[in-house]
Structure formats: C-alpha cells, structure tokens
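*Asks:* Please find one structure pasted underneath; my questions will follow.
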Amino acid sequence: MNKKIKASAAIVAAFALSLGAFAATSASAATKTYTLAYQGPLSGGEASTGIDEQNGVKYAIKVFEAANPGYKINLVSVDDEGDPAVASKVAPGVGTNRKIIGLVGPAYSGATIASLPYYKAGNLTVISPSATRVSLTDPKSATVKSDYGRPIFHRVVATDDKQGPALAKFAIKGLTAPKVFVFDDQSSYAVPLRGYVEAALKKIVGASIVGSGDSVPNTTTDFSPTIAKIKTAGATVVIYTGYYSQAAVFIKQLRDSGSTAVFAGGDGVFNQEFAKLAGKSGENARLTGVAGLSDVDPKLEADFKAKMGVSSGVYAVESIDAANIFLSGILNGKTTRAAINKWVKSYSGKGLGGTSLKFNQHGDISEGGFAGFLVTGGKLVNQGAVV
Amino acid sequence: MFTVFIDQFWQLTISGIALGFIYVLIALGYTMVYGVLRMINFANSEIFMWGTFGAIVASRDLFRYNQTTEPATGGKLALVLFIQLFAAMAFAAVVSVIVELAAYRRLRARGTNRLATLISAIGMSMVLSETMRLMTDSRPVGSPRILEKVILTEVWGAQIRLDTLITIVAAGAIFIILERFVKLSRMGKAIRAVSMNEDAAKLMGINLNRVITVTFLVGGLATGAAGFFYVTVYEYTKFNIGFTMGLAAFTAAVVGGIGNIRGAFFGGVFLGLAEVYASAILGTQWKAVTIFIVLVLVLLFKPNGLFGEAVQQTRA
Amino acid sequence: MKNFNLRDFGADIWERSNRPVRVAIVIVVIGLVAMMPYAGAGFLATPIAAYDAVIVYPVAIFVLMSLGLNIVVGKSGMLDLGYVAFFAIGAYTMGFLGIHTSLNTWEIMPIGIGLAMLAGVMLGLPTLRLRGDYLAIVTLGFGEIIRIVALNVSWTNGPNGISGIPMPPDIGPLKFRLDDQKVFFWVVLAMILMTIWMIRRLSVRRPGRAWEAIRQDEDAAELMGVPTLKYKIWSFTLGAAVGGAAGVLYGSKNLFVAPEMFTLNVSILILACVVFGGIGNIWGVIVGGVILGYLPDRIRFISDARLLVFGLVLVVVMNFRPDGLLPRKKREKALVKKGANS
C-alpha cells in the first residue's frame, strides 16, 4: 500500500513539475500560487532518505495550505540521487527556473557542493535539513572558498564538528578508561565525521583510541577482518560512522563473535530501521541523532500519518522546519528570490522541536545539538542532549 | 600492520573460507554459462540477489518469522533452512531461465556479435535490480534469525560457529553434487560437449536450446544456493548487493580459469581468503585493489587462470 | 523496409556527391548541430534537469567518450570495461592543477591527456596480451582501482572530492557561464569533430588496417607480420587520450570532482552507447551516445521507474537490432560475425 502511494506521489510530483509553469501563469487572482523545491535523492540507492524528507516538506505545505486558504504552493521534486554528478546536471535547471523561490535541501553535502555554484549564480536560497559538512558554513575549514555557501546556503541541522564530540562523549559515557576503536564506511558523510570523533576522543582524559581503525566500503557485508582488528586491539568501545543498514549487519556479527564492547554510531545509524534490522544484537547501542517527529510530539506524528499515509522518517522535523521558514516568508509577502533570501537571513522563530531557528552570518543555526539515544527493547529511547 | 593478521590468523582463515564458499557457488553460475556460451553472464549477480530474497520470503512469509521471534531449533530448524534453501534456489533458477529466454536466446539464434549479447545482459541486470528496488522501496531487508549462531568450539583461538560450519559443509556438498552432475549425467555430458565444440555437439544430435536452458538452470541453482547462505550468515539483503558479490565471484571464476568448474572452486576459496587477509593487513578500503592486483599477476603468469585450459584450444 | 540500412543509405549519398557538395553537407550538418542549444524549448526540453546542461553532460561528453572507446572496442575489438579510469584521470588532473596552480583549462588539457595516455600505456603493456573476457575483467579492475585510490589518498581530498575548480577562460567573445552552457557545448562539439577527424584519418591508413586485422583474427594478423601488441597499445592509448580530454573538460565544467562520479556504471554506460548505436561505426556510436545520454533525463517524468525502462530499452533494442541502430558496413559486418563467434 505504502509503495503505491509513494509511486503515485512521485508521479504526481513529476506532473506538478511539468505543469507547474502553466499552473503558475493561469492561476486566478484569488489563489496565490508559489513554487518551492525539494532536492535530495528520490531514486537510486539512497532514495529512502530523500523520500522521507520530501514527505516532511509536503506535510508542511499541506498544513500551510489548510491554514491559509487562498495560497497554493507547488513543490518541484528535484531528484539528485544523492550523487554530485547528477546534482550538477539538475542544479542549473533549478537555478535558472525563476518560479522556484526557495529550495529545501539538498539532502547530502556532496550534492550540495556540486549544486551551490548554480544556486549562487541564481541567488536561490536553500535551507538544508541534513547536509552536515562543516566547510559549507565555515570559511576557515573550507579547503577552497567555493564550498562556503554564503549568502544562499542555510541549514537547520547541527554540523559534524558538533556531532563528533557529542558522539565521542556519549559513546564512552559512564565507562572508566575506555579503549575506543573507530571506523567509517568511506562515504563523504562518514570520513569527515570520523575525524571529528577522533579529535574529540584525543581531548578526553582517560579515553584512548586503540587499533588503527578501519575504513569499510559501504557495500561490504563481511566484517570479520574489522572484528579481528577490534579483538586484537582489545577495544571496549566501538564507534562507527556510517549508515544504519551496514551498522545493523556489523553489530550482529560483532555480537555473534562474542564481543560485548559498547557500540556507538552517529546520525547515519540513528534510524528506527537500525533497531529493527539489528534485532537483539542492537540492544544498548548508543546513537546520537536529532529527535524525530514522534519524539517531539506523538500527536503530530499521528497527524502526519493521517495526512501523508506513511510514518515520518529521519530528518522529518528538520524538513518541516525548513519548509516552514519559506512558507512563513511567503505568507509575509516575500515572493521573490531576493526577498526570500532577506527573510531567511533575518528569520527568527522556534522549530517544532523547540530549538530556536535563527541563522548566523554563515547560515548555521546557533542552537540545536545532538541528543543521545539508547536502543532499548527495539526502540530508540531519548537520553537527552549530550553535554 | 601484521599484528592483527598474526594474532587472528586462524579466525580470519575460517571466515575467509566461509565467504569463499559463497563465492564458489556464484562463480559456478558464471563459469557454467561461460562454458557453453563463451559469455560473461552479466545478470548472474542479480540472479544471486533474487535468490537472497527467495530465502527471506520463505522464512518471513511462509513460516512467519520476524525480527523478534526466537530462532528455530531441532527438526523445525532443519525444515525451515531446507525450505529456505529450496526457495532461494528455485527463485534464482527461474530468474536465470527467464534471463536466458529474454536476453540471450534470440541473439544466439541469430548468431550475432558477443557485445550485443553483453549489452542485452547488462540491460537485463538493470531490469532485475530496478524491479527489486521498486518492490522494496530502495530499503534494506533484514532476515529474521532462524539459526542461533552458537559458537561450537574454539580451535587455536578461532571460533567455529554453527553458521560457518553449515555454510562450509552444505555449500561444499552442493558444489560436489553439481560437479558430479556435470561430470556424470547424460545432460552434464551434453553440456560439456557443447562447451567443447558447439557445432559438433549439434551434429551429434544434441538439442542445443535445451542444453543451454539446463545450463542456465543449473547455474541459477548454484547461484541461488549462494543467496541462501548469504542470507543465513549476514541476515540482510538489499536490491544492490548483487554487484559487489557478483564482481568478486566473477573475479574468482577468472582467477580459477573461467569455464572450468573446479577452477571456480579454488578461485572462490582463494578470493575469500585474499579478501579477508588483505582487509586485515592493509585495511578494508584496499581490499578491492589488492584483489585486482593479484588477479593481474595471476593472469600475467597463467593467462588462462590457475586451472583454465588455453582459450584458443577450447574455442577452436 | 526490411533491408533498409540507414548507414548504407547515408554512405550512398556521400559517395555519389562531389567535393563541393560534400563540403556543403558537412557545413550544414555541423551548423545544425551547433544550433542544438537553442532547440530546448519544445519537445526536446528535459524535465528537472536543465536542457542546456544535459546536452553538454551527459549527451555531448558521452558522445566524445563513446568515440574514444570505439577506437578500442569497435576498431580493434578489445573489450574495455574500465574506460572511466581515463575520464577520472583527466577530471582529477583538472581538479588538482586547477586549484593548486594558475594553469587554465586549455593549459591543463594536454597534461590531462598526457597522463591518461601514460596510464593507458602502463595498463596496456602488461595486460594487452590477454584476450577477450580476461582483458575485460582486468580493465574493469583498473577502473575500480583508480576510483578507490582517489577515495583513499589525501591529495584528492578523499571522498570529499575537489571543489572550486575554475571554469575555462573565455575564448574571445565566447564566455563560459554557469547558467547558460552553450559555449561548453560548442567546445565539446569541436573536440568531437577533432576526434572524428583523427579516427577517419587513422582508419584509412596503416593503424586502421592493422586494427581491422587484429579485430578479425589476431593470430592471422600476427602471422602476417602486423606488430599486434604495438597497435593494440596505440589503440588503447588513443582511446585513453580522448577519455582524458573529456575528463578535463568535465572537471572544468562541473567545478567539482568526487570519487563517486567515476563508478563502473559510467564505463558500462559508455560501452552501452557504443554497442547500442552501432559498434565500429562513428555515426552509430554518435547516435548511441546521444540517445543513451539524453533518454534518462527526458523520461524523468516516469521518475522512479526510469532506470527500469532504460534497461528494458537496452534489452529490446539489442534483441531486434543486435548490430546497433546504425550498423557498420555490411562488408565488415559479415567478417565480424564469424570472427566473434569462433
């Protein structure tokens, strides 16, 4: 059932896109029609992330339209497959399509970097719910200036350099003299995050990094060499930066090998699917992530499910927040790219999760951090913000 | 650099052999088709992927196991595993035959160039993996735990786990059965006849189409069995797992000497070990690079693989 | 209709024309193709992806790479599944030199081509003795090795890739712009024309005859005194050069290179372009590159299922036109059939 809905949603979205241009011109004076876009992986191997985020945006639009009759918001689905090569193919079209006044996304940092030049050229404001690479908002760490997204790039998610220390602290919480083994999945998300985790660990007195770590391509399912390394190093804590599906395969193999080392992972692992896939082996895994919709308010989650037909996914809160910033701008009559950009820059409000949404000069929100979650009884249980 | 390798040598060896046996069965799929058609069956990796789903469908939908149910024991365990194996092999064999009919038969009948067939097979593998992607919503699919992975014993510090043991014994048995089939049965002899000389085989009254379909069927059975072991050991599958496993298995087949059934066996085990050792010594990120360098070295000194006959000879 | 062969039909017109007519045909065709960036308003428009970007990458760059791969696969009959390696080498040369030195795209171009050719020779020397499928797997491995090295060494910036690559400097009045990629299209078009010219020159001379001989029967060629290894390496290296050139331009156009752009899929797609259009025939290869580069973006409206449809198209077309949409000359074809099946 879900699948059918999604498939038809995708088709509808595609049609909305092709019809968007006509709809905008033929709209009667009574309804004000504006166009936003969502960019992320909507097909290919990473599609589930993008579909979840886009559902968040669609939900926000539905709520907005219901609350403000007379407004119609078209959503253009920009599918970049999470791949920078595809992103640089679709971004020019989005950048020059003046109907689009704001874009939620891109979901991934690599695709963001590939798209930025086109959006800068078109002065299109973007708010990403999930691109966490530090260089996007930090002129100092950007290897080259073009990574730096000012003035158009914003994000409502905390960065790797905030998550790294949070993950390190949460992983070794309550342990004496932890010996930590860190490994990544070779993706552009995981490798930088691992760097921040290791840097943070080095600063923590008593903790030590053992072994030389590992870098396991994300298509690997046999983790026996990594487990051999963990055993040789005598690690008591294992931190994995990567995604949930691989993490679930790994944790099962680690537990089956008899190891009881603490397992910790970042927001890539933070996914209800992890607990589901890992089963019993996943118990007591320590994950850092941002609170999901059901964590924020179960009633909201019920409403989401009623309106969208599916449960909300990871980054649903961020996607809704990002969309809401644009929507409130539209409600206040900011309907050109320039006006929206000004609006977003000076925006100040509260997100669904209670974080204050106010962008600093680089496009980051000042607040917002990561919470620790413990897998208990197959559920991700919030342990509060990591400090 | 070598501390892990020395410290965990026997553990690594056992893991490598278990992984190698899965490769052996997939490599068998490649090598059998190559034997009769002189074609890389590009879609074999996706046939494997469909096999893994066959095993999961059996345990999840037929026996109603889910992520929270207890693993099976005793007679039930044997029954469920057997049905899973059967389902995986059946799924894969059916897909394999469909691949032959849809992507190969027409082109073969017209005797056209090999590249057209290759592209047709590539198209077919896209169709297979994309169909599965749409059906599973691009998400990974976990397999319920059927087999409790008890550590049976430790030898020289290496754990012998139940699933490892079952994989090695059962995959070995399946390999021997298929090898005997090709060696001794009437159909097997026909397959070998076709792979030696297609025209002569035809003249001897061998029904070429039937032989080729059976070859795909047997290749599919072997590949599907690999899918079952994969699911039992890793309890996970996804629409895109075929590529990596297929590439490794194909490399194994080439190292062993493609077209040669015993070559597939040694190539598979060799590759499983090489992967695990390389990962332990150099880091998992260099695994693929090491394998390919080994492959090039093998081919430089034994241009037809470790067990292959000279290509020219078989093709003449 | 059954025996209608568009390639022969075209060749007939060409052969019946005299020199001025031929020149006129060439100029008109080039002129029409050069107008393509202006044709994006109607039926050809691509949903989501920008039309002017799509006709540069993938379409024009796919055509260029297909022509390069065709030298290896189509002309001399070697199956190369790692062509993306040369593309990646070109793109990374552009990326690395572009941000660390003050060289511009045109100055980096020969360096990128040179490095790709060097890689071609280094790979070719030990491996070109191998035949058929063995060569395929070794080249495939080489493609993966380049990607994995780019992923794991520090000067390529690992999985983060190299960003901020400079655009090419303007050529007189032609300005390279991000939001309008016409000039990129014209540059790739010029590169395609140069490649076609090179292939046509070589085909009728000694190397072309040697490749043809190697493709049809390598042993016979060797016995007849053709230094097969030398010509195979030549063909491999020329293919690499074209791939490297495409890579340099792609890096400069994309402004960003990352390892995930250079997967095996690209190699397979380019090979599919060559075979789909008509292996060995320049015009067929061009048609293949255009269709397979353009189609996935044109059919984006079927969104999720577009790769499925793409796969089906490959199967169906190969089954009904196994020699591609525009097959090579019949005379050559008959010989291939025999050679390939033996």
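Just so we're on the same page: first chain in the structure tokens is A, next is B, and so on; residues restart at 1 for each chain, and ligands are numbered from 1 in the order they show up.
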Using only C-alpha atoms, determine which residues of chain C fall within 8 Å of chain B; present them as JSON, numbers by chain.

*Replies:* {"C": [126, 127, 130, 133, 134, 137, 138, 141, 142, 144, 145, 148, 152, 272, 275, 276, 304, 305, 307, 308, 309, 310, 311, 312, 313, 314, 315, 316, 318, 319, 322, 323, 324, 336, 337, 340, 341, 342]}

*Asks:* So that I can see what lies close to C:Phe184, please list as a list in words the residues with an atom at most 9 Å from it, counting only C-alpha atoms and leaving out residues fewer than 4 positions away in the same chain.

*Replies:*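 What passes the distance filter is Ala53, Val56, Phe176, Arg177, Asp180, Val188, Leu189, Leu249 and Lys253 of chain C.
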
*Asks:* Store the residues of this selection in a file with C-alpha atoms, as an mmCIF file, in the first residue's frame.

*Replies:*
data_model
loop_
_atom_site.group_PDB
_atom_site.id
_atom_site.type_symbol
_atom_site.label_atom_id
_atom_site.label_comp_id
_atom_site.auth_asym_id
_atom_site.auth_seq_id
_atom_site.Cartn_x
_atom_site.Cartn_y
_atom_site.Cartn_z
ATOM 1 C CA ALA C 53 23.338 21.346 -19.199
ATOM 2 C CA VAL C 56 26.792 19.091 -22.544
ATOM 3 C CA PHE C 176 31.699 30.398 -20.227
ATOM 4 C CA ARG C 177 28.755 30.840 -17.918
ATOM 5 C CA ASP C 180 23.947 29.094 -19.845
ATOM 6 C CA VAL C 188 32.812 19.676 -26.732
ATOM 7 C CA LEU C 189 31.430 19.744 -30.266
ATOM 8 C CA LEU C 249 36.586 19.384 -19.738
ATOM 9 C CA LYS C 253 32.521 22.332 -16.421
#

*Asks:* I want to know what sits within 10 Å of A:Asn382, based on only C-alpha atoms, with residues of the same chain fewer than 4 positions away left out; could you give that as a PDB file with C-alpha atoms, in the first residue's frame?

*Replies:*
ATOM      1  CA  LEU A 287      23.388   6.552  18.940  1.00  0.00           C
ATOM      2  CA  THR A 288      23.478  10.273  18.529  1.00  0.00           C
ATOM      3  CA  GLY A 289      20.830  11.921  16.453  1.00  0.00           C
ATOM      4  CA  VAL A 290      18.184  14.567  16.352  1.00  0.00           C
ATOM      5  CA  ALA A 291      14.785  13.920  17.833  1.00  0.00           C
ATOM      6  CA  GLY A 292      12.219  12.625  15.362  1.00  0.00           C
ATOM      7  CA  ASP A 295       9.753  12.131  19.905  1.00  0.00           C
ATOM      8  CA  ALA A 371      20.762  14.055  21.699  1.00  0.00           C
ATOM      9  CA  GLY A 372      21.909  10.639  22.812  1.00  0.00           C
ATOM     10  CA  PHE A 373      19.681   7.659  22.190  1.00  0.00           C
ATOM     11  CA  LEU A 374      19.884   4.191  23.636  1.00  0.00           C
ATOM     12  CA  VAL A 375      18.363   1.227  21.853  1.00  0.00           C
ATOM     13  CA  THR A 376      16.090  -0.373  24.425  1.00  0.00           C
TER      14      THR A 376
END

*Asks:* Give one line per residue of chain B that approaches chain A to at most 9 Å, naming the two atoms of the closest pair and their distance in Å to one decimal, counting only C-alpha atoms; sort by chain then ascending residue number and deliver it as CSV.

*Replies:*
residue,atom,partner,partner_atom,distance
B:Met1,CA,A:Ser212,CA,8.7
B:Thr3,CA,A:Thr232,CA,7.8
B:Val4,CA,A:Lys229,CA,5.7
B:Phe5,CA,A:Ala228,CA,8.3
B:Asp7,CA,A:Thr232,CA,6.7
B:Gln8,CA,A:Ala228,CA,6.1
B:Phe9,CA,A:Ala228,CA,9.0
B:Gln11,CA,A:Ala228,CA,7.7
B:Leu12,CA,A:Pro225,CA,6.7
B:Ser15,CA,A:Ser224,CA,6.5
B:Gly16,CA,A:Ser224,CA,8.4
B:Leu19,CA,A:Asp222,CA,7.8
B:Gln67,CA,A:Gly279,CA,5.7
B:Thr68,CA,A:Gly279,CA,6.6
B:Glu130,CA,A:Gly44,CA,8.8
B:Arg133,CA,A:Gly44,CA,8.2
B:Leu134,CA,A:Lys3,CA,8.1
B:Met135,CA,A:Lys3,CA,7.7
B:Thr136,CA,A:Lys3,CA,8.3
B:Asp137,CA,A:Lys3,CA,6.7
B:Ser138,CA,A:Gly45,CA,5.9
B:Arg139,CA,A:Ser48,CA,6.6
B:Pro140,CA,A:Ser245,CA,6.5
B:Val141,CA,A:Leu277,CA,7.6
B:Gly142,CA,A:Leu277,CA,5.2
B:Ser143,CA,A:Leu277,CA,7.8
B:Pro144,CA,A:Gly279,CA,8.5
B:Arg145,CA,A:Gly279,CA,8.7
B:Lys149,CA,A:Asp256,CA,6.4
B:Val150,CA,A:Asp256,CA,7.7
B:Ile151,CA,A:Ser257,CA,7.9
B:Gln159,CA,A:Ser257,CA,7.7
B:Arg161,CA,A:Ser257,CA,8.5
B:Val233,CA,A:Gln253,CA,8.8
B:Tyr234,CA,A:Val249,CA,6.4
B:Glu235,CA,A:Val249,CA,7.4
B:Tyr236,CA,A:Val249,CA,6.9
B:Phe239,CA,A:Gly45,CA,8.5
B:Asn240,CA,A:Gly45,CA,7.5
B:Ile241,CA,A:Thr219,CA,7.0
B:Phe243,CA,A:Thr219,CA,8.9
B:Thr244,CA,A:Thr219,CA,6.7
B:Met245,CA,A:Thr220,CA,8.9
B:Glu275,CA,A:Pro225,CA,9.0
B:Val276,CA,A:Pro225,CA,5.8
B:Tyr277,CA,A:Pro225,CA,7.5
B:Ala278,CA,A:Pro225,CA,8.7
B:Ser279,CA,A:Pro225,CA,5.8
B:Ala280,CA,A:Pro225,CA,5.0
B:Ile281,CA,A:Pro225,CA,8.8
B:Gly283,CA,A:Asp214,CA,5.8
B:Thr284,CA,A:Val216,CA,5.2
B:Gln285,CA,A:Ser215,CA,5.4
B:Trp286,CA,A:Ser215,CA,8.9

*Asks:* Taking only C-alpha atoms into account, find every residue of chain C that has an atom no more than 10 Å from chain A, and write it out as a ChimeraX atom specification.

*Replies:* /C:46-58,99,148,151-152,157-165,177-181,253-262,297,300-307

*Asks:* Would you mind listing what lies within 8 Å of B:Thr167 as a list of chain:residue names, with only C-alpha atoms counted and same-chain residues fewer than 6 positions away left out?

*Replies:*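 Answer for this query is B:Ala18, B:Phe21, B:Ile22, B:Phe229.
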
*Asks:* What does the distance between atom CA of B:Arg210 and atom CA of B:Leu85 come to in Å, to one decimal place?

*Replies:*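 Spanning atom CA of B:Arg210 to atom CA of B:Leu85 is a straight-line distance of 25.1 Å.
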
*Asks:* If you run DSSP over the backbone, which residues in stretch 109-240 of chain C end up strand (DSSP E or B)? Put them as a list of chain:residue names.

*Replies:*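 Here is the list: C:Ile162, C:Ser163, C:Ile171, C:Leu174.
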
*Asks:* Would you compute the distance between atom CA of B:Met32 and atom CA of B:Gly227? Give it in Å to one decimal.

*Replies:* 17.2 Å

*Asks:* Show which residues sit within 9 Å of B:Phe86, as a PDB file with C-alpha atoms, in the first residue's frame. Count only C-alpha atoms, and ignore same-chain residues fewer than 2 positions away.

*Replies:*
ATOM      1  CA  GLY B  54      13.760 -16.086  -2.134  1.00  0.00           C
ATOM      2  CA  ALA B  55      15.286 -17.262   1.133  1.00  0.00           C
ATOM      3  CA  ALA B  58      10.360 -18.360   2.673  1.00  0.00           C
ATOM      4  CA  LEU B  81      16.548 -24.000   6.474  1.00  0.00           C
ATOM      5  CA  PHE B  82      15.816 -26.625   3.863  1.00  0.00           C
ATOM      6  CA  ILE B  83      12.739 -24.815   2.613  1.00  0.00           C
ATOM      7  CA  GLN B  84      14.702 -21.557   2.528  1.00  0.00           C
ATOM      8  CA  ALA B  88      16.358 -19.428  -2.892  1.00  0.00           C
ATOM      9  CA  MET B  89      17.448 -21.956  -5.489  1.00  0.00           C
ATOM     10  CA  ALA B  90      14.029 -22.017  -7.114  1.00  0.00           C
ATOM     11  CA  PHE B  91      13.783 -18.201  -7.278  1.00  0.00           C
ATOM     12  CA  GLY B 224      20.556 -19.243  -5.626  1.00  0.00           C
ATOM     13  CA  ALA B 225      22.114 -21.566  -3.068  1.00  0.00           C
ATOM     14  CA  PHE B 228      20.597 -18.719   0.823  1.00  0.00           C
TER      15      PHE B 228
END

*Asks:* For a test of reading the model, state the distance in Å between atom CA of C:Ile233 and atom CA of B:Thr31, rounded to one decimal.

*Replies:*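 A separation of 29.0 Å between them.
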